[in-house]
file start24.cif (mmCIF, C-alpha atoms)
data_final
#
loop_
_atom_site.label_atom_id
_atom_site.label_comp_id
_atom_site.auth_asym_id
_atom_site.auth_seq_id
_atom_site.Cartn_x
_atom_site.Cartn_y
_atom_site.Cartn_z
CA MET O 3 -35.17 -26.51 17.01
CA ASN O 4 -34.16 -23.09 18.30
CA ASP O 5 -30.68 -24.43 18.89
CA ALA O 6 -30.43 -25.52 15.29
CA LEU O 7 -31.65 -22.12 14.11
CA ASP O 8 -29.16 -20.41 16.40
CA VAL O 9 -26.29 -22.47 15.02
CA ALA O 10 -27.46 -21.86 11.45
CA VAL O 11 -27.54 -18.08 11.97
CA ARG O 12 -24.05 -18.15 13.47
CA LEU O 13 -22.68 -20.20 10.60
CA VAL O 14 -24.27 -17.89 8.03
CA ILE O 15 -22.73 -14.84 9.73
CA VAL O 16 -19.29 -16.45 9.97
CA PHE O 17 -19.47 -17.53 6.35
CA GLY O 18 -20.61 -14.05 5.28
CA LEU O 19 -17.74 -12.41 7.14
CA PHE O 20 -15.39 -14.94 5.57
CA LEU O 21 -16.49 -13.81 2.10
CA VAL O 22 -16.72 -10.06 2.77
CA LEU O 23 -13.81 -9.14 5.05
CA PRO O 24 -11.03 -10.46 2.77
CA LEU O 25 -12.48 -8.40 -0.11
CA VAL O 26 -12.50 -5.29 2.08
CA VAL O 27 -8.86 -5.90 2.93
CA GLY O 28 -8.07 -6.48 -0.74
CA GLN O 29 -9.75 -3.27 -1.86
CA THR O 30 -8.01 -1.38 0.96
CA GLU O 31 -4.72 -2.80 -0.21
CA HIS O 32 -5.33 -1.52 -3.76
CA LYS O 33 -6.02 1.97 -2.51
CA VAL O 34 -3.50 2.19 0.33
CA MET O 35 -0.66 0.92 -1.87
CA ALA O 36 -1.68 3.32 -4.61
CA HIS O 37 -1.62 6.32 -2.29
CA MET O 38 1.65 5.30 -0.66
CA GLN O 39 3.24 4.97 -4.09
CA GLY O 40 1.75 8.19 -5.43
CA ARG O 41 -0.60 6.66 -8.02
CA LEU O 42 -4.33 6.20 -8.42
CA GLY O 43 -5.02 2.49 -8.20
CA PRO O 44 -8.18 1.04 -9.78
CA MET O 45 -10.54 3.94 -10.58
CA TYR O 46 -12.88 2.69 -13.29
CA ALA O 47 -14.99 -0.28 -12.14
CA GLY O 48 -18.18 0.75 -10.33
CA GLY O 49 -17.70 4.45 -10.92
CA PHE O 50 -16.77 5.78 -7.49
CA HIS O 51 -13.03 5.25 -6.98
CA GLY O 52 -13.18 1.79 -8.53
CA TRP O 53 -15.00 0.25 -5.57
CA ALA O 54 -16.23 -2.68 -7.71
CA GLN O 55 -12.78 -3.67 -8.93
CA LEU O 56 -12.70 -6.91 -6.93
CA VAL O 57 -16.22 -7.82 -8.08
CA ALA O 58 -15.05 -7.34 -11.66
CA ASP O 59 -11.99 -9.46 -10.91
CA GLY O 60 -14.26 -12.14 -9.49
CA VAL O 61 -16.44 -12.16 -12.62
CA LYS O 62 -13.34 -12.47 -14.75
CA PHE O 63 -11.87 -15.30 -12.69
CA ALA O 64 -15.17 -17.21 -12.74
CA GLN O 65 -15.29 -17.23 -16.55
CA LYS O 66 -11.66 -17.88 -17.23
CA GLU O 67 -10.47 -21.15 -18.70
CA ASP O 68 -9.11 -23.56 -16.13
CA VAL O 69 -5.83 -24.98 -17.38
CA VAL O 70 -4.38 -28.07 -15.74
CA PRO O 71 -0.94 -28.79 -17.23
CA LYS O 72 -0.56 -32.15 -18.94
CA ASP O 73 2.25 -33.27 -16.63
CA ALA O 74 0.58 -32.20 -13.41
CA ASP O 75 -0.76 -34.54 -10.76
CA ARG O 76 -4.32 -33.71 -11.71
CA ARG O 77 -6.39 -34.44 -8.56
CA VAL O 78 -3.91 -32.95 -6.11
CA PHE O 79 -3.44 -29.92 -8.35
CA GLN O 80 -7.18 -29.29 -8.43
CA LEU O 81 -7.76 -29.81 -4.72
CA ALA O 82 -4.89 -27.65 -3.47
CA PRO O 83 -6.77 -24.28 -3.52
CA ALA O 84 -9.56 -25.69 -1.35
CA VAL O 85 -7.05 -27.04 1.16
CA ALA O 86 -5.38 -23.64 1.30
CA LEU O 87 -8.62 -21.73 1.80
CA LEU O 88 -10.91 -23.72 4.10
CA PRO O 89 -8.78 -23.75 7.28
CA TYR O 90 -9.16 -19.97 7.57
CA LEU O 91 -12.94 -20.35 7.45
CA LEU O 92 -12.80 -22.75 10.39
CA VAL O 93 -10.50 -20.45 12.38
CA LEU O 94 -12.90 -17.55 11.89
CA LEU O 95 -15.55 -19.56 13.74
CA ALA O 96 -13.51 -19.50 16.95
CA ILE O 97 -12.59 -15.79 17.04
CA PRO O 98 -14.76 -13.80 19.48
CA ILE O 99 -15.56 -10.27 18.34
CA GLY O 100 -17.56 -9.13 21.37
CA PRO O 101 -18.20 -10.06 25.00
CA GLY O 102 -20.49 -12.95 25.83
CA GLU O 103 -21.38 -16.10 23.93
CA GLY O 104 -23.51 -14.15 21.46
CA ALA O 105 -20.53 -12.61 19.71
CA VAL O 106 -18.47 -15.65 18.84
CA GLY O 107 -19.26 -18.27 16.21
CA GLN O 108 -18.67 -21.11 18.63
CA VAL O 109 -16.88 -21.15 21.98
CA ILE O 110 -14.17 -23.77 21.64
CA ASP O 111 -12.51 -24.79 24.91
CA ALA O 112 -9.23 -25.66 23.26
CA GLY O 113 -9.27 -22.21 21.55
CA ILE O 114 -5.61 -21.31 20.90
CA PHE O 115 -4.74 -24.91 20.33
CA PHE O 116 -7.52 -25.44 17.80
CA VAL O 117 -6.77 -22.20 16.01
CA LEU O 118 -3.02 -22.81 15.62
CA ALA O 119 -3.53 -26.42 14.60
CA VAL O 120 -6.11 -25.58 11.93
CA MET O 121 -4.12 -22.63 10.58
CA GLY O 122 -1.19 -24.99 10.11
CA VAL O 123 -3.24 -27.05 7.65
CA GLY O 124 -3.52 -24.15 5.20
CA VAL O 125 0.15 -24.37 4.31
CA LEU O 126 -0.48 -27.88 2.99
CA GLY O 127 -2.38 -26.26 0.12
CA SER O 128 0.75 -24.43 -1.04
CA LEU O 129 2.86 -27.54 -0.65
CA MET O 130 0.36 -29.62 -2.64
CA ALA O 131 0.25 -26.98 -5.37
CA GLY O 132 4.04 -26.73 -5.48
CA TRP O 133 4.54 -30.45 -5.82
CA ALA O 134 1.58 -31.33 -8.05
CA SER O 135 2.28 -28.68 -10.70
CA ALA O 136 5.28 -30.62 -12.07
CA ASN O 137 6.95 -27.29 -12.69
CA LYS O 138 10.44 -26.39 -11.48
CA PHE O 139 9.41 -22.94 -10.32
CA SER O 140 6.43 -24.36 -8.47
CA LEU O 141 8.64 -26.95 -6.82
CA LEU O 142 11.08 -24.26 -5.69
CA GLY O 143 8.18 -22.24 -4.35
CA GLY O 144 6.88 -25.28 -2.49
CA LEU O 145 10.29 -25.95 -0.98
CA ARG O 146 10.54 -22.34 0.13
CA THR O 147 7.09 -22.59 1.68
CA ALA O 148 8.24 -25.64 3.61
CA ALA O 149 11.38 -23.84 4.76
CA GLN O 150 9.27 -20.90 5.85
CA LEU O 151 7.03 -23.20 7.87
CA LEU O 152 10.04 -24.35 9.87
CA ALA O 153 10.90 -20.76 10.67
CA TYR O 154 7.64 -19.23 11.83
CA GLU O 155 5.66 -22.03 13.43
CA LEU O 156 7.74 -22.31 16.60
CA PRO O 157 7.90 -18.60 17.56
CA MET O 158 4.17 -18.36 16.88
CA LEU O 159 3.44 -21.29 19.17
CA LEU O 160 5.66 -19.96 21.95
CA ALA O 161 4.20 -16.46 21.79
CA ALA O 162 0.67 -17.86 21.96
CA ALA O 163 1.67 -20.05 24.91
CA SER O 164 2.76 -16.93 26.76
CA VAL O 165 -0.78 -15.50 26.53
CA ALA O 166 -2.25 -18.81 27.64
CA MET O 167 0.01 -18.65 30.70
CA ALA O 168 -1.03 -15.08 31.47
CA ALA O 169 -4.73 -15.90 31.27
CA GLY O 170 -4.53 -19.39 32.74
CA THR O 171 -6.74 -20.73 29.96
CA VAL O 172 -6.47 -21.62 26.28
CA SER O 173 -10.04 -20.60 25.45
CA LEU O 174 -10.16 -17.39 23.40
CA PRO O 175 -13.19 -15.83 25.19
CA GLY O 176 -11.58 -16.92 28.47
CA ILE O 177 -8.41 -15.01 27.60
CA LEU O 178 -10.41 -11.88 26.84
CA ASN O 179 -12.34 -12.18 30.10
CA ALA O 180 -9.06 -12.28 32.00
CA PHE O 181 -7.54 -9.38 30.04
CA GLU O 182 -6.33 -6.23 31.83
CA TRP O 183 -4.94 -3.17 30.10
CA TRP O 184 -1.43 -3.68 31.53
CA TRP O 185 -1.15 -6.92 29.58
CA LEU O 186 -0.33 -4.70 26.59
CA PRO O 187 3.15 -3.68 27.79
CA TRP O 188 3.57 -7.03 29.55
CA GLN O 189 2.99 -9.09 26.39
CA ILE O 190 4.27 -6.63 23.79
CA VAL O 191 7.31 -8.73 22.83
CA GLY O 192 5.12 -11.79 22.36
CA ALA O 193 2.71 -9.73 20.28
CA ILE O 194 5.43 -8.60 17.89
CA VAL O 195 6.86 -12.11 17.60
CA PHE O 196 3.38 -13.51 16.90
CA PHE O 197 2.59 -10.89 14.28
CA VAL O 198 5.91 -11.23 12.45
CA ALA O 199 5.65 -15.02 12.49
CA GLY O 200 2.11 -14.69 11.16
CA LEU O 201 3.32 -12.54 8.27
CA ALA O 202 5.78 -15.28 7.40
CA GLU O 203 2.99 -17.87 7.50
CA LEU O 204 0.89 -15.80 5.09
CA GLN O 205 3.87 -15.35 2.76
CA ARG O 206 3.33 -11.63 2.81
CA PRO O 207 6.15 -9.18 2.12
CA PRO O 208 8.81 -8.90 3.48
CA PHE O 209 8.51 -12.71 3.74
CA ASP O 210 7.15 -13.43 0.27
CA MET O 211 10.07 -15.46 -1.04
CA PRO O 212 7.83 -18.50 -1.78
CA VAL O 213 5.96 -16.42 -4.39
CA ALA O 214 8.82 -14.08 -5.31
CA ASP O 215 7.69 -13.02 -8.77
CA SER O 216 11.07 -11.68 -9.90
CA GLU O 217 12.81 -14.96 -9.02
CA ILE O 218 10.45 -17.92 -9.43
CA ILE O 219 7.51 -16.45 -11.37
CA PHE O 220 4.78 -17.03 -8.78
CA GLY O 221 6.11 -19.98 -6.83
CA ALA O 222 3.63 -22.74 -6.14
CA TYR O 223 0.82 -20.87 -7.92
CA THR O 224 2.64 -20.46 -11.25
CA GLU O 225 0.48 -22.95 -13.14
CA TYR O 226 -2.86 -21.83 -11.72
CA THR O 227 -5.46 -19.85 -13.62
CA GLY O 228 -9.05 -18.77 -13.22
CA LEU O 229 -11.08 -19.71 -10.21
CA ARG O 230 -8.44 -21.88 -8.56
CA PHE O 231 -5.97 -19.02 -8.65
CA ALA O 232 -8.65 -16.74 -7.23
CA LEU O 233 -9.17 -19.13 -4.32
CA PHE O 234 -5.46 -18.94 -3.50
CA LEU O 235 -5.68 -15.16 -3.50
CA LEU O 236 -8.79 -15.30 -1.33
CA ALA O 237 -6.91 -17.57 1.06
CA GLU O 238 -4.14 -14.99 1.36
CA TYR O 239 -6.56 -12.20 2.26
CA ALA O 240 -8.64 -14.41 4.55
CA GLY O 241 -5.32 -15.23 6.19
CA ILE O 242 -4.66 -11.54 6.79
CA VAL O 243 -8.08 -11.17 8.42
CA VAL O 244 -7.52 -14.22 10.61
CA LEU O 245 -3.99 -13.25 11.62
CA CYS O 246 -5.00 -9.70 12.52
CA GLY O 247 -8.10 -10.94 14.35
CA LEU O 248 -6.04 -13.42 16.36
CA THR O 249 -3.38 -10.85 17.24
CA THR O 250 -6.17 -8.55 18.37
CA VAL O 251 -7.79 -11.20 20.54
CA LEU O 252 -4.61 -12.63 22.02
CA PHE O 253 -2.53 -9.51 22.57
CA LEU O 254 -4.55 -6.32 22.09
CA GLY O 255 -7.51 -7.11 24.32
CA GLY O 256 -10.08 -7.80 21.60
CA TRP O 257 -13.35 -6.16 22.58
CA HIS O 258 -11.87 -4.23 25.52
CA GLY O 259 -11.58 -0.53 24.79
CA PRO O 260 -10.88 2.65 26.75
CA PHE O 261 -14.52 3.73 26.43
CA GLY O 262 -17.79 2.63 24.89
CA GLY O 263 -18.67 -0.24 27.25
CA ASP O 264 -19.47 -3.83 26.40
CA GLY O 265 -22.15 -2.97 23.86
CA LEU O 266 -19.61 -1.50 21.46
CA GLY O 267 -17.06 -4.28 22.01
CA TRP O 268 -17.36 -5.58 18.45
CA VAL O 269 -16.44 -2.10 17.12
CA TRP O 270 -13.17 -2.24 19.03
CA THR O 271 -12.38 -5.71 17.73
CA LEU O 272 -13.03 -4.69 14.14
CA LEU O 273 -11.14 -1.43 14.56
CA LYS O 274 -8.04 -3.09 15.98
CA THR O 275 -8.18 -5.80 13.31
CA ALA O 276 -8.48 -3.14 10.60
CA VAL O 277 -5.51 -1.19 11.97
CA LEU O 278 -3.40 -4.34 11.99
CA ALA O 279 -4.49 -5.17 8.44
CA PHE O 280 -3.39 -1.68 7.46
CA VAL O 281 0.01 -2.37 9.04
CA VAL O 282 0.27 -5.60 7.01
CA ILE O 283 -0.30 -3.60 3.82
CA TRP O 284 2.04 -0.85 4.97
CA LEU O 285 4.85 -3.36 5.53
CA ARG O 286 4.32 -4.71 2.01
CA VAL O 287 4.88 -1.26 0.53
CA THR O 288 7.80 -0.44 2.80
CA TYR O 289 10.16 -3.38 3.01
CA PRO O 290 12.12 -5.30 0.39
CA ARG O 291 11.97 -9.09 0.34
CA LEU O 292 14.23 -11.07 2.64
CA ARG O 293 16.13 -14.13 1.46
CA GLU O 294 14.96 -17.52 2.67
CA ASP O 295 18.05 -18.05 4.81
CA GLN O 296 17.69 -14.59 6.32
CA LEU O 297 14.23 -15.57 7.50
CA GLN O 298 15.65 -18.72 9.12
CA LYS O 299 18.28 -16.64 10.82
CA LEU O 300 15.73 -14.09 11.99
CA ALA O 301 13.46 -16.81 13.33
CA TRP O 302 16.00 -18.99 15.11
CA THR O 303 18.34 -16.35 16.47
CA THR O 304 15.85 -13.56 17.20
CA LEU O 305 12.20 -14.59 17.30
CA VAL O 306 12.59 -17.88 19.20
CA PRO O 307 14.87 -16.45 21.93
CA LEU O 308 12.57 -13.43 22.25
CA ALA O 309 9.56 -15.71 22.61
CA LEU O 310 11.36 -17.78 25.25
CA ALA O 311 12.25 -14.59 27.12
CA GLN O 312 8.61 -13.53 26.95
CA ILE O 313 7.54 -16.85 28.46
CA ALA O 314 10.03 -16.41 31.31
CA LEU O 315 8.77 -12.87 31.94
CA THR O 316 5.15 -13.98 31.84
CA GLY O 317 5.86 -16.80 34.29
CA ILE O 318 7.67 -14.58 36.80
CA VAL O 319 5.11 -11.77 36.75
CA LYS O 320 2.19 -14.17 36.93
CA VAL O 321 3.55 -16.01 39.96
CA ALA O 322 4.63 -12.74 41.60
CA ILE O 323 1.17 -11.15 41.44
CA GLN O 324 -0.51 -14.32 42.58
CA MET D 27 -14.78 -36.57 41.88
CA ARG D 28 -17.36 -34.83 39.75
CA GLU D 29 -20.93 -35.96 39.43
CA PRO D 30 -21.57 -38.32 36.50
CA THR D 31 -24.28 -35.98 35.18
CA VAL D 32 -21.78 -33.09 35.03
CA VAL D 33 -19.34 -35.26 33.13
CA ALA D 34 -22.09 -36.30 30.74
CA ALA D 35 -23.09 -32.65 30.20
CA ASP D 36 -19.43 -31.76 29.55
CA ALA D 37 -19.17 -34.54 27.01
CA ALA D 38 -22.36 -33.38 25.31
CA ASP D 39 -20.98 -29.84 25.20
CA TYR D 40 -17.74 -31.10 23.78
CA PHE D 41 -19.42 -32.99 20.97
CA GLN D 42 -21.80 -30.11 20.29
CA THR D 43 -18.85 -27.72 19.93
CA TYR D 44 -16.99 -29.83 17.46
CA SER D 45 -20.08 -30.83 15.53
CA VAL D 46 -20.59 -27.12 14.80
CA VAL D 47 -17.00 -27.03 13.53
CA GLY D 48 -17.79 -30.07 11.43
CA VAL D 49 -20.92 -28.45 9.97
CA LEU D 50 -18.93 -25.35 9.04
CA ALA D 51 -16.34 -27.56 7.36
CA VAL D 52 -19.15 -29.12 5.34
CA VAL D 53 -20.42 -25.64 4.42
CA GLY D 54 -16.92 -24.77 3.26
CA VAL D 55 -16.62 -27.92 1.15
CA LEU D 56 -20.04 -27.21 -0.38
CA PHE D 57 -18.95 -23.65 -1.18
CA VAL D 58 -15.88 -24.89 -3.01
CA ALA D 59 -17.88 -27.60 -4.80
CA VAL D 60 -20.56 -25.12 -5.95
CA ALA D 61 -17.89 -22.65 -7.04
CA PHE D 62 -16.04 -25.26 -9.07
CA THR D 63 -19.27 -26.54 -10.65
CA ALA D 64 -20.45 -23.06 -11.54
CA ASN D 65 -17.01 -22.35 -12.95
CA ARG D 66 -17.24 -25.49 -15.07
CA LEU D 67 -20.50 -24.21 -16.58
CA LEU D 68 -19.20 -20.68 -17.18
CA ARG D 69 -15.76 -21.20 -18.59
CA PRO D 70 -14.62 -22.13 -22.07
CA VAL D 71 -12.65 -25.33 -22.59
CA VAL D 72 -10.23 -24.98 -25.49
CA PRO D 73 -7.16 -27.00 -24.66
CA THR D 74 -4.25 -26.98 -27.06
CA PRO D 75 -0.98 -28.89 -26.59
CA GLU D 76 0.91 -25.62 -26.16
CA LYS D 77 -1.48 -24.45 -23.48
CA LEU D 78 -1.12 -27.65 -21.49
CA LEU D 79 2.65 -27.46 -21.59
CA THR D 80 4.45 -26.72 -18.33
CA TYR D 81 5.23 -23.02 -18.13
CA GLU D 82 8.90 -22.22 -18.09
CA CYS D 83 9.39 -18.56 -19.01
CA GLY D 84 8.03 -19.13 -22.51
CA VAL D 85 10.54 -21.64 -23.80
CA ASP D 86 9.89 -25.39 -24.00
CA PRO D 87 10.47 -27.03 -20.62
CA VAL D 88 13.77 -28.81 -20.11
CA GLY D 89 13.64 -32.15 -18.32
CA GLU D 90 10.77 -32.81 -15.97
CA GLY D 91 9.33 -30.69 -13.19
CA TRP D 92 9.97 -33.13 -10.38
CA ALA D 93 13.65 -32.39 -10.48
CA HIS D 94 16.31 -33.34 -8.00
CA THR D 95 16.95 -30.55 -5.56
CA GLN D 96 19.13 -30.32 -2.55
CA VAL D 97 17.02 -29.58 0.50
CA ARG D 98 19.33 -27.24 2.31
CA TYR D 99 17.31 -26.80 5.45
CA TYR D 100 16.91 -30.33 6.67
CA VAL D 101 18.83 -29.57 9.88
CA TYR D 102 16.32 -26.82 10.57
CA ALA D 103 13.63 -29.41 10.03
CA PHE D 104 15.10 -31.66 12.74
CA LEU D 105 15.42 -28.73 15.10
CA TYR D 106 11.89 -27.63 14.36
CA VAL D 107 10.35 -31.04 15.02
CA ILE D 108 12.16 -31.41 18.34
CA PHE D 109 11.30 -27.92 19.54
CA ALA D 110 7.71 -27.99 18.34
CA VAL D 111 6.99 -31.29 20.07
CA ASP D 112 8.47 -29.86 23.26
CA SER D 113 6.51 -26.67 23.17
CA ILE D 114 3.15 -28.40 22.69
CA PHE D 115 3.45 -29.44 26.33
CA LEU D 116 3.52 -25.79 27.36
CA PHE D 117 -0.21 -25.39 26.76
CA PRO D 118 -1.65 -27.84 29.30
CA TRP D 119 0.94 -26.66 31.77
CA ALA D 120 0.16 -22.99 31.08
CA THR D 121 -3.44 -23.37 32.25
CA VAL D 122 -2.53 -24.59 35.74
CA PHE D 123 0.97 -23.36 36.56
CA ALA D 124 -0.13 -20.34 38.60
CA ALA D 125 -3.03 -22.09 40.35
CA PRO D 126 -2.99 -21.95 44.15
CA GLY D 127 -0.62 -24.53 45.58
CA TYR D 128 1.82 -24.53 42.66
CA GLY D 129 3.49 -21.12 42.39
CA ALA D 130 7.24 -21.25 42.91
CA THR D 131 7.62 -24.98 42.14
CA THR D 132 6.14 -24.75 38.67
CA LEU D 133 8.09 -21.57 38.01
CA VAL D 134 11.35 -23.41 38.70
CA GLU D 135 10.13 -26.20 36.44
CA MET D 136 9.50 -23.64 33.74
CA PHE D 137 13.05 -22.38 33.97
CA VAL D 138 14.37 -25.93 33.76
CA PHE D 139 12.27 -26.42 30.63
CA LEU D 140 13.33 -23.11 29.09
CA GLY D 141 16.91 -23.93 30.05
CA PHE D 142 16.77 -27.15 28.06
CA LEU D 143 15.39 -25.34 25.02
CA ALA D 144 17.90 -22.49 25.32
CA VAL D 145 20.87 -24.85 25.72
CA GLY D 146 19.68 -26.81 22.71
CA LEU D 147 19.42 -23.66 20.67
CA LEU D 148 22.80 -22.41 21.86
CA TYR D 149 24.37 -25.76 21.00
CA ALA D 150 22.89 -25.65 17.51
CA TYR D 151 24.16 -22.08 17.13
CA LYS D 152 27.67 -23.02 18.30
CA LYS D 153 27.80 -25.97 15.93
CA GLY D 154 27.06 -23.56 13.11
CA VAL D 155 23.82 -25.33 12.24
CA LEU D 156 21.94 -22.06 12.08
CA THR D 157 23.88 -20.78 9.11
CA TRP D 158 22.70 -21.66 5.63
CA THR D 159 25.05 -24.10 3.90
#
call {"tool": "encode", "arguments": {"input": "start24.cif", "output": "C-alpha cells"}}
result
Amino acid sequence: MNDALDVAVRLVIVFGLFLVLPLVVGQTEHKVMAHMQGRLGPMYAGGFHGWAQLVADGVKFAQKEDVVPKDADRRVFQLAPAVALLPYLLVLLAIPIGPGEGAVGQVIDAGIFFVLAVMGVGVLGSLMAGWASANKFSLLGGLRTAAQLLAYELPMLLAAASVAMAAGTVSLPGILNAFEWWWLPWQIVGAIVFFVAGLAELQRPPFDMPVADSEIIFGAYTEYTGLRFALFLLAEYAGIVVLCGLTTVLFLGGWHGPFGGDGLGWVWTLLKTAVLAFVVIWLRVTYPRLREDQLQKLAWTTLVPLALAQIALTGIVKVAIQ
Amino acid sequence: MREPTVVAADAADYFQTYSVVGVLAVVGVLFVAVAFTANRLLRPVVPTPEKLLTYECGVDPVGEGWAHTQVRYYVYAFLYVIFAVDSIFLFPWATVFAAPGYGATTLVEMFVFLGFLAVGLLYAYKKGVLTWT
C-alpha cells in the first residue's frame, strides 16, 4: 500500500512540474524578450508586471471555438496535439533532479535510450497535424518538420552515446553518480552538439523553419485554434524544459555543484536548467532563421562529424584512464 | 550464472519500472481527455461554411491541400536511416567497452566503426549528396 502511495505522490509531483515549469519558461520568455528588445511585454494581467498573462491566455484558449476544417482528416487532426504533448510528460518522469532514488520520478535502467526514443514520438504530432490539416501551408510545414528530424536526430544520438561511454551506463542517475567535474571540458563538444540538435527538434529559432510565420503562416499548426493550439504551445515549452533538463543531467553534472552538498542538489539542477532555458530564449531573440537546407548542411557536415570526434575522444580518454 | 531469485527480482523491478511509466501515460491521456471535454462544455459552436474553409491567406483555396510536392531530401532520409540504425548499437557497446579485460581491443573496434561511418559520410559528401538539389 505504501508503495502505491509512494508512486502516486511521485506521479503527482511529476505531473505538477509538467504543468508549472513550461508556464514559468513561457512567462520568462515574454519578459526576457521584451527587455532584450527594449519594450515592456505583458504588463496588465494580474497587476504586478503581468504575471497572470499566461493564466489569462489559458482561460481564453479554453473558451475559444474549436474549428476543424471541412477538408481535414478529422480524427488525426484532433489527436495530433495530444501526440505532440504527452511524450514530454513521460520523459520528465525519468529526469533525476537530486541525488538518490527520492529525487527522480522513476529510475529507468534504459535511461538515455528511453528518453531519446520517447522524445522522438513527439515529432509525430507535428507530422500528423501537417498532413491531416489538408492545407498547403500545413503540408509544407510538416515536410519541413520531417526534414528537420533527419538533421538533428543523429547528432543528438551520437552526443548522448558519448556520455553513456564516459559513464559506462545508460541510466540517468547512474551517469550522475559517475560524474566528475572534469567531464565538463571533456564532453563540451558533445554538449553543444546535443543542445543545438535539441533546439532543432523543438523547432525553436534559429531552427524554426517548420513554423516560419513569414513564409508558411504557422506551418503544421496553421489550422489549429483554441485548446488544441494551446496544447501545441504547451508542448513546445515542455520541450524546452525537457531539453534543458536533459542537457543538464547528461553534460552539466545535474545535481553536482561546487558547494551546497547533496541536500541542495535539486537547486543546482533547477538552476542549470533555468540558465539553459534562458539561453534558448536568448538565441531566439538573437539569431535570424536558417533555411531548411542550411540546417541539413550544418547537421551533416558539422554536427555529425563533431559528434563522431567527441566519441573518439571519449573512447581514448576513457581507456587511457582505466 | 545468477541465482534464479535474483533474476526474478530483476524481472519484477523491470515490470514495476515500466508499469509506472504506463500509469503516467494513462494520467496524461486522462488529462487530455478531461481538457478536451471541459473545452467542449465551455466553448461556443457556431460553424459557418466560410469558417470551415481551408485557410489560404484569406482567398478561397485553390486545388486541394494534399498537393503533389517534390520531397527534396529523400537522399538525406536514406543516409539518416542507415546511420541511425548503426548508431543504436553504440549504446549497448558503450556500457561495457571500458570494462576490465576489454580496453584496447574495443577501442580499436570503435575506430573501425567510426571509420565506416566517416567514410560513408565522406563518400556522400564527395558525391554531392549533401547539397540541396
call {"tool": "closest_atom_pairs", "arguments": {"input": "start24.cif", "of": "chain O", "to": "chain D", "cutoff": "6 Å", "atoms": "only C-alpha atoms", "output": "JSON lines"}}
result
{"residue": "O:Ala64", "atom": "CA", "partner": "D:Asn65", "partner_atom": "CA", "distance": 5.5}
{"residue": "O:Gln65", "atom": "CA", "partner": "D:Arg69", "partner_atom": "CA", "distance": 4.5}
{"residue": "O:Lys66", "atom": "CA", "partner": "D:Arg69", "partner_atom": "CA", "distance": 5.4}
{"residue": "O:Glu67", "atom": "CA", "partner": "D:Arg69", "partner_atom": "CA", "distance": 5.3}
{"residue": "O:Pro71", "atom": "CA", "partner": "D:Leu78", "partner_atom": "CA", "distance": 4.4}
{"residue": "O:Lys72", "atom": "CA", "partner": "D:Leu78", "partner_atom": "CA", "distance": 5.2}
{"residue": "O:Ala136", "atom": "CA", "partner": "D:Gly91", "partner_atom": "CA", "distance": 4.2}
{"residue": "O:Asn137", "atom": "CA", "partner": "D:Gly91", "partner_atom": "CA", "distance": 4.2}
{"residue": "O:Lys138", "atom": "CA", "partner": "D:Gly91", "partner_atom": "CA", "distance": 4.8}
{"residue": "O:Leu152", "atom": "CA", "partner": "D:Tyr106", "partner_atom": "CA", "distance": 5.9}
{"residue": "O:Leu156", "atom": "CA", "partner": "D:Ala110", "partner_atom": "CA", "distance": 5.9}
{"residue": "O:Ala163", "atom": "CA", "partner": "D:Phe117", "partner_atom": "CA", "distance": 6.0}
{"residue": "O:Ala166", "atom": "CA", "partner": "D:Ala120", "partner_atom": "CA", "distance": 5.9}
{"residue": "O:Met167", "atom": "CA", "partner": "D:Ala120", "partner_atom": "CA", "distance": 4.4}
{"residue": "O:Gly170", "atom": "CA", "partner": "D:Thr121", "partner_atom": "CA", "distance": 4.2}
{"residue": "O:Thr171", "atom": "CA", "partner": "D:Thr121", "partner_atom": "CA", "distance": 4.8}
{"residue": "O:Asp295", "atom": "CA", "partner": "D:Trp158", "partner_atom": "CA", "distance": 5.9}
{"residue": "O:Val321", "atom": "CA", "partner": "D:Gly129", "partner_atom": "CA", "distance": 5.7}
call {"tool": "atom_distance", "arguments": {"input": "start24.cif", "atom1": "CA of Leu42 (chain O)", "atom2": "CA of Val243 (chain O)"}}
result
24.5 Å
call {"tool": "closest_residue", "arguments": {"input": "start24.cif", "among": "D:Val155, D:Gly127, D:Asp112, D:Ser45", "to": "Phe139 (chain D)", "atoms": "all atoms listed in the file"}}
result
D:Asp112
call {"tool": "residues_around", "arguments": {"input": "start24.cif", "residues": "Pro157 (chain O)", "least_positions_apart": "2", "cutoff": "10 Å", "atoms": "all atoms listed in the file", "output": "MDAnalysis selection string"}}
result
(chainID O and resid 152:155 159:163 192 195:200 301:302 304:310) or (chainID D and resid 110 113)
call {"tool": "residues_around", "arguments": {"input": "start24.cif", "residues": "Trp133 (chain O)", "least_positions_apart": "4", "cutoff": "12 Å", "atoms": "all atoms listed in the file", "output": "ChimeraX atom specification"}}
result
/O:73-79,82,126-129,137-148,221-225 /D:91-93
call {"tool": "atom_distance", "arguments": {"input": "start24.cif", "atom1": "CA of Ser173 (chain O)", "atom2": "CA of Lys320 (chain O)"}}
result
18.0 Å
call {"tool": "residues_near_point", "arguments": {"input": "start24.cif", "point": "(-5.2, -23.1, -11.6)", "cutoff": "10 Å", "atoms": "all atoms listed in the file", "output": "JSON, numbers by chain"}}
result
{"O": [67, 68, 69, 70, 71, 79, 80, 81, 82, 83, 131, 135, 223, 224, 225, 226, 227, 228, 229, 230, 231, 232, 233, 234]}
call {"tool": "atom_distance", "arguments": {"input": "start24.cif", "atom1": "CA of Ala240 (chain O)", "atom2": "CA of Val27 (chain O)"}}
result
8.7 Å
call {"tool": "closest_residue", "arguments": {"input": "start24.cif", "among": "O:Ala180, O:Leu315, O:Ala193, O:Leu201", "to": "Arg286 (chain O)", "atoms": "only C-alpha atoms"}}
result
O:Leu201
call {"tool": "closest_residue", "arguments": {"input": "start24.cif", "among": "O:Leu23, O:Ile110, O:Leu292, O:Leu87", "to": "Cys246 (chain O)", "atoms": "all atoms listed in the file"}}
result
O:Leu23
call {"tool": "resolve_selection", "arguments": {"input": "start24.cif", "expression": "the PyMOL selection byres ((chain O and resi 181) around 12)", "output": "PyMOL selection string"}}
result
chain O and resi 101+165-171+174-180+182-186+188-189+250-259
call {"tool": "resolve_selection", "arguments": {"input": "start24.cif", "expression": "the PyMOL selection byres ((chain O and resi 278) around 10)", "output": "ChimeraX atom specification"}}
result
/O:197,242-243,245-247,249-250,272-277,279-284
call {"tool": "residues_around", "arguments": {"input": "start24.cif", "residues": "Leu236 (chain O)", "least_positions_apart": "5", "cutoff": "9 Å", "atoms": "only C-alpha atoms", "output": "list in words"}}
result
Leu21, Pro24, Leu25, Gly28, Leu87, Phe231 and Gly241 of chain O
